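Shown next: query30.txt, containing compact mmCIF, C-alpha atoms.
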```txt
# COMPACT_ATOMS: atom_id res chain seq x y z
CA MET D 1 47.22 130.31 74.03
CA SER D 2 46.00 130.36 77.57
CA SER D 3 47.55 128.36 80.35
CA GLN D 4 45.34 126.38 82.72
CA LYS D 5 46.24 126.45 86.38
CA ILE D 6 46.33 123.07 88.05
CA ASP D 7 45.44 122.72 91.67
CA ILE D 8 47.51 119.80 92.97
CA ARG D 9 45.26 119.64 96.01
CA ASN D 10 42.52 118.29 93.80
CA LEU D 11 44.66 115.50 92.27
CA ASP D 12 43.66 111.91 92.87
CA TYR D 13 46.86 110.40 94.33
CA LYS D 14 45.39 106.91 94.06
CA ASN D 15 44.93 107.29 90.30
CA SER D 16 48.08 108.96 88.92
CA GLY D 17 47.12 107.97 85.39
CA SER D 18 44.38 110.61 85.44
CA TRP D 19 46.84 113.40 86.23
CA PRO D 20 47.47 116.12 83.64
CA VAL D 21 50.56 115.73 81.49
CA GLN D 22 52.36 118.65 83.16
CA VAL D 23 51.84 117.08 86.58
CA LYS D 24 53.08 113.71 85.37
CA ILE D 25 56.24 115.30 83.92
CA GLY D 26 56.88 117.25 87.14
CA ALA D 27 56.35 114.12 89.21
CA CYS D 28 58.82 112.18 87.03
CA VAL D 29 61.39 114.97 87.37
CA LEU D 30 61.01 114.95 91.17
CA LEU D 31 61.23 111.15 91.24
CA VAL D 32 64.42 111.18 89.14
CA ALA D 33 65.92 113.88 91.39
CA LEU D 34 65.02 111.83 94.44
CA ILE D 35 66.62 108.70 92.98
CA VAL D 36 69.79 110.60 92.00
CA GLY D 37 70.02 112.20 95.43
CA LEU D 38 69.53 108.88 97.16
CA ALA D 39 72.14 107.22 94.91
CA TRP D 40 74.65 109.97 95.70
CA TYR D 41 74.03 109.63 99.39
CA LEU D 42 74.33 105.85 99.41
CA PHE D 43 77.11 105.30 96.87
CA VAL D 44 78.97 108.50 96.00
CA ARG D 45 79.33 109.58 99.61
CA GLU D 46 80.63 106.16 100.63
CA THR D 47 83.10 106.23 97.75
CA ARG D 48 84.33 109.67 98.76
CA GLU D 49 84.88 108.41 102.31
CA LEU D 50 86.85 105.44 100.96
CA ILE D 51 88.94 107.80 98.83
CA ALA D 52 89.60 110.06 101.82
CA GLY D 53 90.67 107.03 103.88
CA ALA D 54 92.94 105.83 101.07
CA GLU D 55 94.51 109.29 100.81
CA SER D 56 95.15 109.31 104.59
CA THR D 57 96.73 105.83 104.39
CA GLU D 58 98.84 106.95 101.44
CA ALA D 59 100.12 109.96 103.41
CA ALA D 60 101.00 107.76 106.40
CA LEU D 61 102.81 105.24 104.18
CA LEU D 62 104.68 108.04 102.44
CA THR D 63 105.82 109.43 105.81
CA GLU D 64 106.93 105.95 106.91
CA PHE D 65 108.75 105.39 103.63
CA THR D 66 110.51 108.74 103.89
CA GLY D 67 111.67 107.90 107.43
CA LYS D 68 112.94 104.46 106.41
CA GLN D 69 114.64 105.93 103.35
CA GLY D 70 116.43 108.44 105.58
CA ARG D 71 117.57 105.72 107.99
CA ALA D 72 118.73 103.57 105.08
CA ALA D 73 120.75 106.48 103.72
CA ASN D 74 122.49 106.85 107.10
CA LEU D 75 123.04 103.11 107.55
CA GLU D 76 126.35 102.92 105.71
CA PRO D 77 127.95 105.86 107.59
CA LEU D 78 126.76 104.30 110.85
CA LYS D 79 128.35 100.98 109.89
CA GLN D 80 131.62 102.78 109.18
CA GLN D 81 131.48 104.57 112.53
CA LEU D 82 130.78 101.28 114.29
CA ALA D 83 133.76 99.65 112.56
CA GLN D 84 135.99 102.58 113.60
CA MET D 85 134.77 102.33 117.21
CA GLU D 86 135.49 98.59 117.25
CA VAL D 87 139.02 99.25 116.00
CA MET D 88 139.54 101.93 118.67
CA LEU D 89 138.19 99.57 121.33
CA GLN D 90 140.61 96.85 120.29
CA GLN D 91 143.48 99.34 120.34
CA MET D 92 142.55 100.45 123.85
CA LEU D 93 142.22 96.86 125.03
CA ARG D 94 145.63 96.05 123.58
CA GLN D 95 147.12 98.68 125.86
CA LEU D 96 146.11 96.56 128.83
CA PRO D 97 148.49 93.83 130.00
CA SER D 98 148.25 90.38 128.43
CA LYS D 99 147.74 87.08 130.22
CA ASN D 100 151.49 86.44 130.31
CA GLU D 101 152.25 89.95 131.55
CA MET D 102 149.67 89.96 134.33
CA PRO D 103 151.70 88.09 137.03
CA ASP D 104 154.74 90.33 136.55
CA LEU D 105 152.53 93.41 136.56
CA ILE D 106 150.99 92.47 139.92
CA VAL D 107 154.50 92.03 141.31
CA ASP D 108 155.45 95.43 139.87
CA VAL D 109 152.47 97.07 141.61
CA SER D 110 153.43 95.47 144.91
CA GLN D 111 157.07 96.48 144.50
CA THR D 112 156.05 100.02 143.60
CA ALA D 113 154.16 100.26 146.89
CA LEU D 114 157.21 99.02 148.80
CA ALA D 115 159.52 101.41 146.92
CA SER D 116 157.22 104.27 147.93
CA GLY D 117 157.72 103.38 151.61
CA ILE D 118 154.29 101.77 152.00
CA ASN D 119 153.98 98.70 154.20
CA ASN D 120 151.96 95.96 152.48
CA GLU D 121 150.32 94.21 155.39
CA LEU D 122 148.06 92.38 152.93
CA PHE D 123 148.38 92.06 149.16
CA GLN D 124 146.45 88.98 148.02
CA PRO D 125 145.36 88.51 144.37
CA GLY D 126 142.08 86.63 143.95
CA ALA D 127 140.53 84.49 141.24
CA GLU D 128 140.28 86.05 137.79
CA THR D 129 136.91 86.59 136.08
CA ALA D 130 136.72 86.61 132.25
CA LEU D 131 134.19 89.01 130.77
CA GLN D 132 133.34 89.61 127.11
CA PHE D 133 136.40 91.64 126.12
CA TYR D 134 138.61 91.62 129.18
CA ALA D 135 139.34 89.85 132.43
CA GLU D 136 139.31 91.39 135.89
CA LYS D 137 141.38 90.27 138.84
CA PRO D 138 140.56 91.36 142.40
CA ILE D 139 143.32 92.10 144.90
CA ALA D 140 142.57 92.25 148.60
CA LEU D 141 144.97 94.65 150.28
CA ARG D 142 145.84 96.49 153.43
CA MET D 143 148.47 99.19 153.03
CA VAL D 144 149.95 101.46 155.64
CA GLY D 145 151.74 104.69 154.72
CA THR D 146 151.68 108.46 154.79
CA TYR D 147 149.74 110.73 152.49
CA HIS D 148 152.88 111.53 150.48
CA GLN D 149 153.81 107.85 150.24
CA PHE D 150 150.43 107.01 148.79
CA GLY D 151 150.86 109.88 146.32
CA ALA D 152 154.23 108.48 145.28
CA PHE D 153 152.68 105.03 144.90
CA VAL D 154 149.94 106.30 142.56
CA SER D 155 152.54 108.19 140.51
CA GLY D 156 154.74 105.09 140.34
CA VAL D 157 151.89 102.87 139.11
CA ALA D 158 151.06 105.43 136.42
CA SER D 159 154.70 105.27 135.25
CA LEU D 160 154.69 101.50 134.68
CA PRO D 161 155.33 100.41 131.06
CA ARG D 162 151.90 98.84 130.69
CA VAL D 163 148.62 100.67 131.28
CA VAL D 164 147.37 99.70 134.71
CA ILE D 165 143.70 100.28 135.42
CA MET D 166 142.73 99.80 139.04
CA THR D 167 139.22 100.30 140.35
CA MET D 168 138.50 100.46 144.06
CA HIS D 169 135.76 98.49 145.78
CA ASP D 170 134.83 98.80 149.46
CA ILE D 171 137.98 100.83 150.07
CA SER D 172 138.50 102.69 153.32
CA LEU D 173 141.27 105.16 154.11
CA ALA D 174 141.61 106.21 157.73
CA PRO D 175 144.31 107.30 160.20
CA ARG D 176 146.03 104.42 161.90
CA GLY D 177 145.61 105.88 165.33
CA LYS D 178 145.80 108.98 167.49
CA GLY D 179 149.14 110.72 167.27
CA ASP D 180 150.09 108.60 164.23
CA ASP D 181 150.43 110.39 160.89
CA THR D 182 150.18 107.17 158.87
CA LEU D 183 147.07 106.11 157.00
CA VAL D 184 145.58 102.66 156.50
CA LEU D 185 144.21 101.83 153.04
CA GLU D 186 142.11 98.68 153.21
CA GLY D 187 139.70 96.95 150.83
CA THR D 188 139.70 95.42 147.37
CA VAL D 189 140.98 96.76 144.07
CA LYS D 190 140.47 95.24 140.65
CA THR D 191 142.97 95.30 137.83
CA TYR D 192 142.29 94.32 134.24
CA ARG D 193 143.89 92.63 131.24
CA TYR D 194 142.73 91.98 127.71
CA LEU D 195 141.66 88.56 126.46
CA ASP D 196 143.31 86.97 123.47
CA GLU D 197 141.11 85.72 120.61
CA GLU D 198 140.64 82.22 122.03
CA GLU D 199 139.80 83.55 125.49
CA ALA D 200 137.40 86.14 124.05
CA ALA D 201 135.61 83.45 122.00
CA ALA D 202 135.30 81.21 125.07
CA ALA D 203 134.02 84.10 127.19
CA GLU D 204 131.42 84.97 124.53
CA ILE D 205 130.16 81.37 124.51
CA VAL D 206 129.83 81.41 128.29
CA THR D 207 127.93 84.72 128.12
CA GLU D 208 125.51 83.40 125.49
CA GLU D 209 124.87 80.25 127.54
CA ALA D 210 124.19 82.37 130.61
CA LEU D 211 121.61 84.39 128.66
```
Show this structure as structure tokens.
Amino acid sequence: MSSQKIDIRNLDYKNSGSWPVQVKIGACVLLVALIVGLAWYLFVRETRELIAGAESTEAALLTEFTGKQGRAANLEPLKQQLAQMEVMLQQMLRQLPSKNEMPDLIVDVSQTALASGINNELFQPGAETALQFYAEKPIALRMVGTYHQFGAFVSGVASLPRVVIMTMHDISLAPRGKGDDTLVLEGTVKTYRYLDEEEAAAAEIVTEEAL
């Protein structure tokens, strides 16, 4: 059986019905391949891109979930640490003088300065300011004494029964004059006391209103 060679250059493209059977079959195969290729390009490729995007989103969500899960696992220990810190803060605040003890404590500080040989030229307590957990009271002062007397004064204040915290503001310490070995301490100090529950609640309300 001999095979007949077909010259596709001689085919009538306007009349495909006259093509030989082999050419028709080959043309159908090419047409099917073209349709399949076009379908893959238009649909399968788009689907693969959607799948890749979904996989990327899944990875991001998994990372976010893992982070949140880790924070949630540490939440309870952090709450316990916060509760312990609040207890320690209250204990430290309780070491400060109370409202009733504050007047006597100011007198004790003044008397300690006098007992140390310091001359209180000015010792004037100012108006108290209530903050969230404590209250501060400024004291304007002008003290005259020697270096050793001031050292004895600081040591005496540290020996008082109650914890006395004094912070200095606009304080100057300078010699009183030429040939004079005394020093002049002048400025404002602030001392602190803790607030009782009612005072703390009132101070918190004032703070919230201010915000």
Taking 3 positions as the minimum chain separation for residues in the same chain, which residues sit within 9 Å of region 189-196 of chain D when counting all atoms listed in the file? Answer as a PyMOL selection string.
chain D and resi 93-99+101-102+106+130-141+164-171+199-201+203
Measure the distance from CA of Asn74 (chain D) to CA of Glu55 (chain D) in Å and round it to one decimal.
28.8 Å
Provide the CA of Pro161 (chain D) to CA of Asn119 (chain D) distance in Å, to one decimal place.
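Computed distance, CA of Pro161 (chain D) to CA of Asn119 (chain D), equals 23.2 Å.
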Quick one: pull the distance between CA of His148 (chain D) and CA of Ala113 (chain D), Å, one decimal.
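Those two atoms sit 11.9 Å apart.
Shortest atom-to-atom contact with Asp104 (chain D) among D:Gln84, D:Gly37, D:Leu160, D:Glu49: D:Leu160, counting only C-alpha atoms.
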